[in-house]
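Trainee: Got a file for you: run.pdb, PDB, C-alpha atoms.
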```pdb
ATOM      1  CA  MET A   1      16.336  -5.829  28.989  1.00  0.00           C
ATOM      2  CA  THR A   2      19.660  -6.388  27.241  1.00  0.00           C
ATOM      3  CA  GLU A   3      21.267  -9.657  26.237  1.00  0.00           C
ATOM      4  CA  TYR A   4      24.727 -10.384  24.928  1.00  0.00           C
ATOM      5  CA  LEU A   5      25.021 -12.656  21.917  1.00  0.00           C
ATOM      6  CA  ASP A   6      28.547 -13.593  20.841  1.00  0.00           C
ATOM      7  CA  GLY A   7      29.857 -10.346  22.314  1.00  0.00           C
ATOM      8  CA  ALA A   8      27.194  -8.165  20.655  1.00  0.00           C
ATOM      9  CA  LEU A   9      24.832  -6.041  22.690  1.00  0.00           C
ATOM     10  CA  MET A  10      21.262  -6.979  21.663  1.00  0.00           C
ATOM     11  CA  PRO A  11      18.187  -5.163  23.037  1.00  0.00           C
ATOM     12  CA  THR A  12      15.309  -7.532  23.734  1.00  0.00           C
ATOM     13  CA  GLY A  13      11.629  -6.922  24.160  1.00  0.00           C
ATOM     14  CA  ALA A  14      11.642  -3.927  21.795  1.00  0.00           C
ATOM     15  CA  ALA A  15       9.157  -3.934  18.962  1.00  0.00           C
ATOM     16  CA  ALA A  16      10.700  -4.198  15.515  1.00  0.00           C
ATOM     17  CA  GLU A  17      10.246  -1.299  13.140  1.00  0.00           C
ATOM     18  CA  PRO A  18       7.944  -2.056  10.222  1.00  0.00           C
ATOM     19  CA  LEU A  19       9.461  -2.646   6.806  1.00  0.00           C
ATOM     20  CA  ARG A  20       8.985   0.506   4.755  1.00  0.00           C
ATOM     21  CA  ARG A  21       9.771   1.282   1.135  1.00  0.00           C
ATOM     22  CA  ALA A  22       8.710   4.147  -1.113  1.00  0.00           C
ATOM     23  CA  THR A  23       9.119   5.039  -4.749  1.00  0.00           C
ATOM     24  CA  GLN A  24       8.063   7.843  -7.078  1.00  0.00           C
ATOM     25  CA  TYR A  25       6.360   7.696 -10.480  1.00  0.00           C
ATOM     26  CA  THR A  26       6.024  10.359 -13.148  1.00  0.00           C
ATOM     27  CA  GLY A  27       2.944   9.060 -14.921  1.00  0.00           C
ATOM     28  CA  GLU A  28       4.874   7.697 -17.894  1.00  0.00           C
ATOM     29  CA  PRO A  29       3.436   4.596 -19.591  1.00  0.00           C
ATOM     30  CA  GLY A  30       4.188   1.475 -17.575  1.00  0.00           C
ATOM     31  CA  CYS A  31       4.074   3.141 -14.153  1.00  0.00           C
ATOM     32  CA  ILE A  32       1.176   1.024 -12.919  1.00  0.00           C
ATOM     33  CA  ALA A  33       2.939  -2.222 -13.893  1.00  0.00           C
ATOM     34  CA  ASP A  34       6.126  -0.878 -12.262  1.00  0.00           C
ATOM     35  CA  ALA A  35       4.173  -0.159  -9.062  1.00  0.00           C
ATOM     36  CA  ARG A  36       2.872  -3.736  -8.970  1.00  0.00           C
ATOM     37  CA  ALA A  37       6.410  -5.046  -9.520  1.00  0.00           C
ATOM     38  CA  PHE A  38       7.666  -2.775  -6.715  1.00  0.00           C
ATOM     39  CA  ALA A  39       4.942  -4.187  -4.432  1.00  0.00           C
ATOM     40  CA  GLU A  40       5.914  -7.754  -5.360  1.00  0.00           C
ATOM     41  CA  VAL A  41       9.535  -7.093  -4.398  1.00  0.00           C
ATOM     42  CA  PHE A  42       8.295  -5.529  -1.151  1.00  0.00           C
ATOM     43  CA  LEU A  43       6.187  -8.615  -0.362  1.00  0.00           C
ATOM     44  CA  GLU A  44       9.154 -10.879  -1.053  1.00  0.00           C
ATOM     45  CA  GLN A  45      11.287  -8.772   1.285  1.00  0.00           C
ATOM     46  CA  LEU A  46       8.535  -8.934   3.944  1.00  0.00           C
ATOM     47  CA  ARG A  47       8.459 -12.708   3.510  1.00  0.00           C
ATOM     48  CA  SER A  48      12.236 -13.136   3.686  1.00  0.00           C
ATOM     49  CA  GLU A  49      13.049 -10.563   6.415  1.00  0.00           C
ATOM     50  CA  TRP A  50       9.952 -10.902   8.609  1.00  0.00           C
ATOM     51  CA  CYS A  51       9.211 -14.571   7.808  1.00  0.00           C
ATOM     52  CA  VAL A  52       5.636 -13.570   6.980  1.00  0.00           C
ATOM     53  CA  LEU A  53       3.579 -16.221   5.262  1.00  0.00           C
ATOM     54  CA  ILE A  54       1.774 -14.541   2.378  1.00  0.00           C
ATOM     55  CA  ASP A  55      -0.715 -16.726   0.554  1.00  0.00           C
ATOM     56  CA  ALA A  56      -1.545 -16.330  -3.138  1.00  0.00           C
ATOM     57  CA  ARG A  57      -4.873 -14.653  -2.398  1.00  0.00           C
ATOM     58  CA  SER A  58      -3.319 -12.022  -0.111  1.00  0.00           C
ATOM     59  CA  ARG A  59      -0.605 -11.392  -2.688  1.00  0.00           C
ATOM     60  CA  GLY A  60      -3.140 -10.957  -5.496  1.00  0.00           C
ATOM     61  CA  ASP A  61      -5.467  -8.766  -3.437  1.00  0.00           C
ATOM     62  CA  LEU A  62      -2.621  -6.512  -2.297  1.00  0.00           C
ATOM     63  CA  LEU A  63      -1.338  -6.103  -5.865  1.00  0.00           C
ATOM     64  CA  LEU A  64      -4.888  -5.195  -6.972  1.00  0.00           C
ATOM     65  CA  LEU A  65      -5.088  -2.626  -4.156  1.00  0.00           C
ATOM     66  CA  VAL A  66      -1.780  -1.085  -5.262  1.00  0.00           C
ATOM     67  CA  SER A  67      -2.966  -1.050  -8.891  1.00  0.00           C
ATOM     68  CA  GLU A  68      -6.213   0.720  -8.035  1.00  0.00           C
ATOM     69  CA  LEU A  69      -4.599   3.414  -5.877  1.00  0.00           C
ATOM     70  CA  VAL A  70      -1.776   4.075  -8.348  1.00  0.00           C
ATOM     71  CA  THR A  71      -4.204   4.106 -11.297  1.00  0.00           C
ATOM     72  CA  ASN A  72      -6.324   6.743  -9.535  1.00  0.00           C
ATOM     73  CA  ALA A  73      -3.253   8.892  -8.884  1.00  0.00           C
ATOM     74  CA  ASP A  74      -2.124   8.426 -12.476  1.00  0.00           C
ATOM     75  CA  ARG A  75      -5.510   9.460 -13.899  1.00  0.00           C
ATOM     76  CA  HIS A  76      -6.403  12.332 -11.597  1.00  0.00           C
ATOM     77  CA  SER A  77      -3.197  14.100 -10.587  1.00  0.00           C
ATOM     78  CA  HIS A  78      -1.104  16.543 -12.585  1.00  0.00           C
ATOM     79  CA  GLY A  79       2.341  15.636 -11.468  1.00  0.00           C
ATOM     80  CA  PRO A  80       4.405  12.873  -9.959  1.00  0.00           C
ATOM     81  CA  TYR A  81       3.011  10.605  -7.300  1.00  0.00           C
ATOM     82  CA  VAL A  82       4.590   8.531  -4.560  1.00  0.00           C
ATOM     83  CA  LEU A  83       3.803   4.964  -3.532  1.00  0.00           C
ATOM     84  CA  ASP A  84       4.693   4.167   0.084  1.00  0.00           C
ATOM     85  CA  LEU A  85       4.434   0.613   1.479  1.00  0.00           C
ATOM     86  CA  GLU A  86       4.743  -0.196   5.171  1.00  0.00           C
ATOM     87  CA  GLY A  87       4.435  -3.775   6.345  1.00  0.00           C
ATOM     88  CA  SER A  88       4.511  -5.900   9.449  1.00  0.00           C
ATOM     89  CA  LYS A  89       3.634  -9.496  10.205  1.00  0.00           C
ATOM     90  CA  ASP A  90      -0.095  -8.667  10.233  1.00  0.00           C
ATOM     91  CA  GLU A  91      -0.735  -5.950   7.674  1.00  0.00           C
ATOM     92  CA  VAL A  92       0.512  -3.768   4.860  1.00  0.00           C
ATOM     93  CA  ALA A  93      -0.357  -0.079   4.605  1.00  0.00           C
ATOM     94  CA  VAL A  94      -0.420   1.230   1.032  1.00  0.00           C
ATOM     95  CA  THR A  95      -0.219   5.024   0.822  1.00  0.00           C
ATOM     96  CA  VAL A  96      -0.239   7.040  -2.376  1.00  0.00           C
ATOM     97  CA  TYR A  97       0.619  10.752  -2.338  1.00  0.00           C
ATOM     98  CA  ASP A  98      -0.393  12.814  -5.375  1.00  0.00           C
ATOM     99  CA  SER A  99      -0.715  16.456  -6.431  1.00  0.00           C
ATOM    100  CA  SER A 100      -4.506  16.562  -6.833  1.00  0.00           C
ATOM    101  CA  ALA A 101      -6.440  18.040  -3.909  1.00  0.00           C
ATOM    102  CA  ALA A 102      -9.660  16.432  -5.181  1.00  0.00           C
ATOM    103  CA  VAL A 103     -10.890  13.778  -2.764  1.00  0.00           C
ATOM    104  CA  PRO A 104     -11.951  10.596  -4.580  1.00  0.00           C
ATOM    105  CA  ARG A 105     -15.653   9.785  -4.629  1.00  0.00           C
ATOM    106  CA  LEU A 106     -17.053   6.468  -3.525  1.00  0.00           C
ATOM    107  CA  PHE A 107     -20.011   5.799  -5.819  1.00  0.00           C
ATOM    108  CA  VAL A 108     -23.061   3.737  -4.906  1.00  0.00           C
ATOM    109  CA  LYS A 109     -22.593   0.146  -6.089  1.00  0.00           C
ATOM    110  CA  ASP A 110     -23.908  -0.224  -9.617  1.00  0.00           C
ATOM    111  CA  PRO A 111     -22.777  -3.252 -11.632  1.00  0.00           C
ATOM    112  CA  ALA A 112     -24.136  -1.598 -14.800  1.00  0.00           C
ATOM    113  CA  ARG A 113     -21.875   1.450 -14.413  1.00  0.00           C
ATOM    114  CA  ILE A 114     -18.805   1.451 -16.623  1.00  0.00           C
ATOM    115  CA  GLY A 115     -15.801   2.704 -14.662  1.00  0.00           C
ATOM    116  CA  GLY A 116     -15.658   4.416 -11.302  1.00  0.00           C
ATOM    117  CA  HIS A 117     -15.216   1.168  -9.358  1.00  0.00           C
ATOM    118  CA  GLY A 118     -11.635   1.763  -8.160  1.00  0.00           C
ATOM    119  CA  LEU A 119     -12.420   3.173  -4.738  1.00  0.00           C
ATOM    120  CA  GLU A 120     -15.166   0.584  -4.302  1.00  0.00           C
ATOM    121  CA  ILE A 121     -12.536  -2.131  -4.839  1.00  0.00           C
ATOM    122  CA  VAL A 122     -10.127  -0.421  -2.429  1.00  0.00           C
ATOM    123  CA  HIS A 123     -12.815  -0.295   0.288  1.00  0.00           C
ATOM    124  CA  ALA A 124     -13.679  -3.960  -0.311  1.00  0.00           C
ATOM    125  CA  LEU A 125     -10.055  -5.059   0.118  1.00  0.00           C
ATOM    126  CA  ALA A 126      -8.850  -2.751   2.902  1.00  0.00           C
ATOM    127  CA  THR A 127      -9.727  -2.804   6.583  1.00  0.00           C
ATOM    128  CA  GLU A 128      -9.250   0.968   6.748  1.00  0.00           C
ATOM    129  CA  VAL A 129      -9.120   3.746   4.141  1.00  0.00           C
ATOM    130  CA  ILE A 130      -8.016   7.270   5.042  1.00  0.00           C
ATOM    131  CA  VAL A 131      -7.853  10.298   2.744  1.00  0.00           C
ATOM    132  CA  GLU A 132      -6.207  13.522   3.815  1.00  0.00           C
ATOM    133  CA  ARG A 133      -5.535  16.735   1.948  1.00  0.00           C
ATOM    134  CA  VAL A 134      -2.044  18.187   2.285  1.00  0.00           C
ATOM    135  CA  PRO A 135      -0.659  21.522   1.008  1.00  0.00           C
ATOM    136  CA  VAL A 136       0.528  19.948  -2.254  1.00  0.00           C
ATOM    137  CA  GLY A 137      -2.379  17.569  -2.903  1.00  0.00           C
ATOM    138  CA  LYS A 138      -3.540  14.581  -0.866  1.00  0.00           C
ATOM    139  CA  TRP A 139      -2.623  11.144   0.345  1.00  0.00           C
ATOM    140  CA  ILE A 140      -4.746   8.021   0.433  1.00  0.00           C
ATOM    141  CA  LYS A 141      -3.860   5.226   2.816  1.00  0.00           C
ATOM    142  CA  ALA A 142      -5.410   1.775   2.636  1.00  0.00           C
ATOM    143  CA  VAL A 143      -4.567  -0.785   5.320  1.00  0.00           C
ATOM    144  CA  PHE A 144      -4.594  -4.378   4.115  1.00  0.00           C
ATOM    145  CA  ARG A 145      -4.779  -7.219   6.640  1.00  0.00           C
ATOM    146  CA  LEU A 146      -2.627 -10.220   5.711  1.00  0.00           C
ATOM    147  CA  ARG A 147      -4.352 -13.586   6.043  1.00  0.00           C
ATOM    148  CA  PRO A 148      -2.669 -16.164   8.294  1.00  0.00           C
TER     149      PRO A 148
END
```
As structure tokens, what does this structure read like?

Mentor:
Amino acid sequence: MTEYLDGALMPTGAAAEPLRRATQYTGEPGCIADARAFAEVFLEQLRSEWCVLIDARSRGDLLLLVSELVTNADRHSHGPYVLDLEGSKDEVAVTVYDSSAAVPRLFVKDPARIGGHGLEIVHALATEVIVERVPVGKWIKAVFRLRP
């Protein structure tokens, strides 16, 4: 269906495209903090353009998810990595592309273990986690459900 608004042709009933932003990091010091800042700007844009209500807990959990995925890419890849964020009114997909073909390991929960909890945290926060190898490395996608 098409409607006219002040002389402009406006399609109606079509689903809006998700908000999507991506950036690249080299692994230089400060990249993880920069990734969190990038995610904060993205959330603000999602709030202002999509009118999505994002509570403090969702904001904090999503920034932790970004930190964990970017930290893993920073530690385990030998080259630049890309952070891709895609959001809608209900969820945000966080995807990190890196040059390492090694698939991350999810360890058995062990509170006494020092380190190795990153993927455990990602799985606890995300509703879905997908890892796929690609010719130049891999990508990891974690889908985060926004709370109403």

Trainee: Just to confirm, what's the straight-line distance from CA of Ala37 (chain A) to CA of Phe107 (chain A) in Å (one decimal)?

Mentor: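 So the answer is 28.8 Å.
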
Trainee: Could you check the closest approach to Gly79 (chain A) for each of A:Ala101, A:Val41, A:Leu46, A:Ala16 and tell me which residue wins, using all atoms listed in the file?

Mentor: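 So, comparing all the options, the nearest one is A:Ala101.
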
Trainee: From the set A:Ile140, A:Val129, A:Gly87, A:Asp74, which residue has the shortest atom-to-atom contact distance to Glu44 (chain A), counting all atoms listed in the file?

Mentor: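 Nearest to Glu44 (chain A): A:Gly87.
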
Trainee: Just so the selection is clear, what residues does the PyMOL selection byres ((chain A and resi 52) around 12) cover here, as JSON, numbers by chain?

Mentor: {"A": [19, 42, 43, 44, 45, 46, 47, 48, 49, 50, 51, 53, 54, 55, 58, 59, 87, 88, 89, 90, 91, 92, 146, 147, 148]}

Trainee: Between A:Pro80, A:Pro104, A:Ala93, A:Gly30, single out the one closest to Val136 (chain A), counting only C-alpha atoms.

Mentor: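 Smallest separation from Val136 (chain A) among the options: A:Pro80.
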
Trainee: So which one's closest to Gly27 (chain A), A:Glu86, A:Ala126, A:Ser99, A:Ala56? Using all atoms listed in the file, please.

Mentor: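 Selected residue with least distance to Gly27 (chain A): A:Ser99.
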
Trainee: Nearest to Leu62 (chain A) among A:Ala112, A:Val82, A:Val103, A:Ala124, with distances taken over all atoms listed in the file: which residue is it?

Mentor: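 Of A:Ala112, A:Val82, A:Val103, A:Ala124, the one nearest Leu62 (chain A) is A:Ala124, counting all atoms listed in the file.
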
Trainee: Take the point (-7.5, 15.2, -3.7) in the file's coordinates, draw a sphere of radius 9 Å around it, and report as a PyMOL selection string every protein, DNA or RNA residue with an atom inside or on it, counting only C-alpha atoms.

Mentor: chain A and resi 76-77+98-104+131-134+137-140

Trainee: Work out how far apart CA of Glu40 (chain A) and CA of Leu85 (chain A) are and give it in Å to one decimal.

Mentor: 10.9 Å

Trainee: Distance CA of Glu120 (chain A)-CA of Val66 (chain A), one decimal place?

Mentor: 13.5 Å

Trainee: Counting all atoms listed in the file, figure out which residue out of A:Leu64, A:Ile130, A:Ala142, A:Leu119 gets nearest to Ile32 (chain A).

Mentor: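 Between A:Leu64, A:Ile130, A:Ala142, A:Leu119, the residue approaching Ile32 (chain A) most closely is A:Leu64.
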
Trainee: Could you name the residues that touch Ser67 (chain A) at 10 Å or less, counting only C-alpha atoms, but leaving out those on the same chain fewer than 6 positions away, as a list in words?

Mentor: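 After dropping sequence-adjacent residues, the list is Cys31, Ile32, Ala33, Asp34, Ala35, Arg36, Ala39, Asp61, Ala73, Gly118 and Val122 of chain A.
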
Trainee: Work out where the centre of an axis-aligned box around every listed atom of region 118-125 of chain A lies and how long its edges are once 4 Å is added on each side; give both in Å to one decimal as lines of an AutoDock Vina configuration file.

Mentor:
```
center_x = -12.6
center_y = -0.9
center_z = -3.9
size_x = 13.1
size_y = 16.2
size_z = 16.4
```

Trainee: Please expand the PyMOL selection byres ((chain A and resi 23) around 9) into the concrete residues it hits in this file, giving the result as a PyMOL selection string.

Mentor: chain A and resi 21-22+24-25+35+38+81-85

Trainee: Go ahead and dump the residues you just picked, C-alpha atoms, as an mmCIF file, in the coordinates of the input.

Mentor:
```cif
data_model
loop_
_atom_site.group_PDB
_atom_site.id
_atom_site.type_symbol
_atom_site.label_atom_id
_atom_site.label_comp_id
_atom_site.auth_asym_id
_atom_site.auth_seq_id
_atom_site.Cartn_x
_atom_site.Cartn_y
_atom_site.Cartn_z
ATOM 1 C CA ARG A 21 9.771 1.282 1.135
ATOM 2 C CA ALA A 22 8.710 4.147 -1.113
ATOM 3 C CA GLN A 24 8.063 7.843 -7.078
ATOM 4 C CA TYR A 25 6.360 7.696 -10.480
ATOM 5 C CA ALA A 35 4.173 -0.159 -9.062
ATOM 6 C CA PHE A 38 7.666 -2.775 -6.715
ATOM 7 C CA TYR A 81 3.011 10.605 -7.300
ATOM 8 C CA VAL A 82 4.590 8.531 -4.560
ATOM 9 C CA LEU A 83 3.803 4.964 -3.532
ATOM 10 C CA ASP A 84 4.693 4.167 0.084
ATOM 11 C CA LEU A 85 4.434 0.613 1.479
#
```
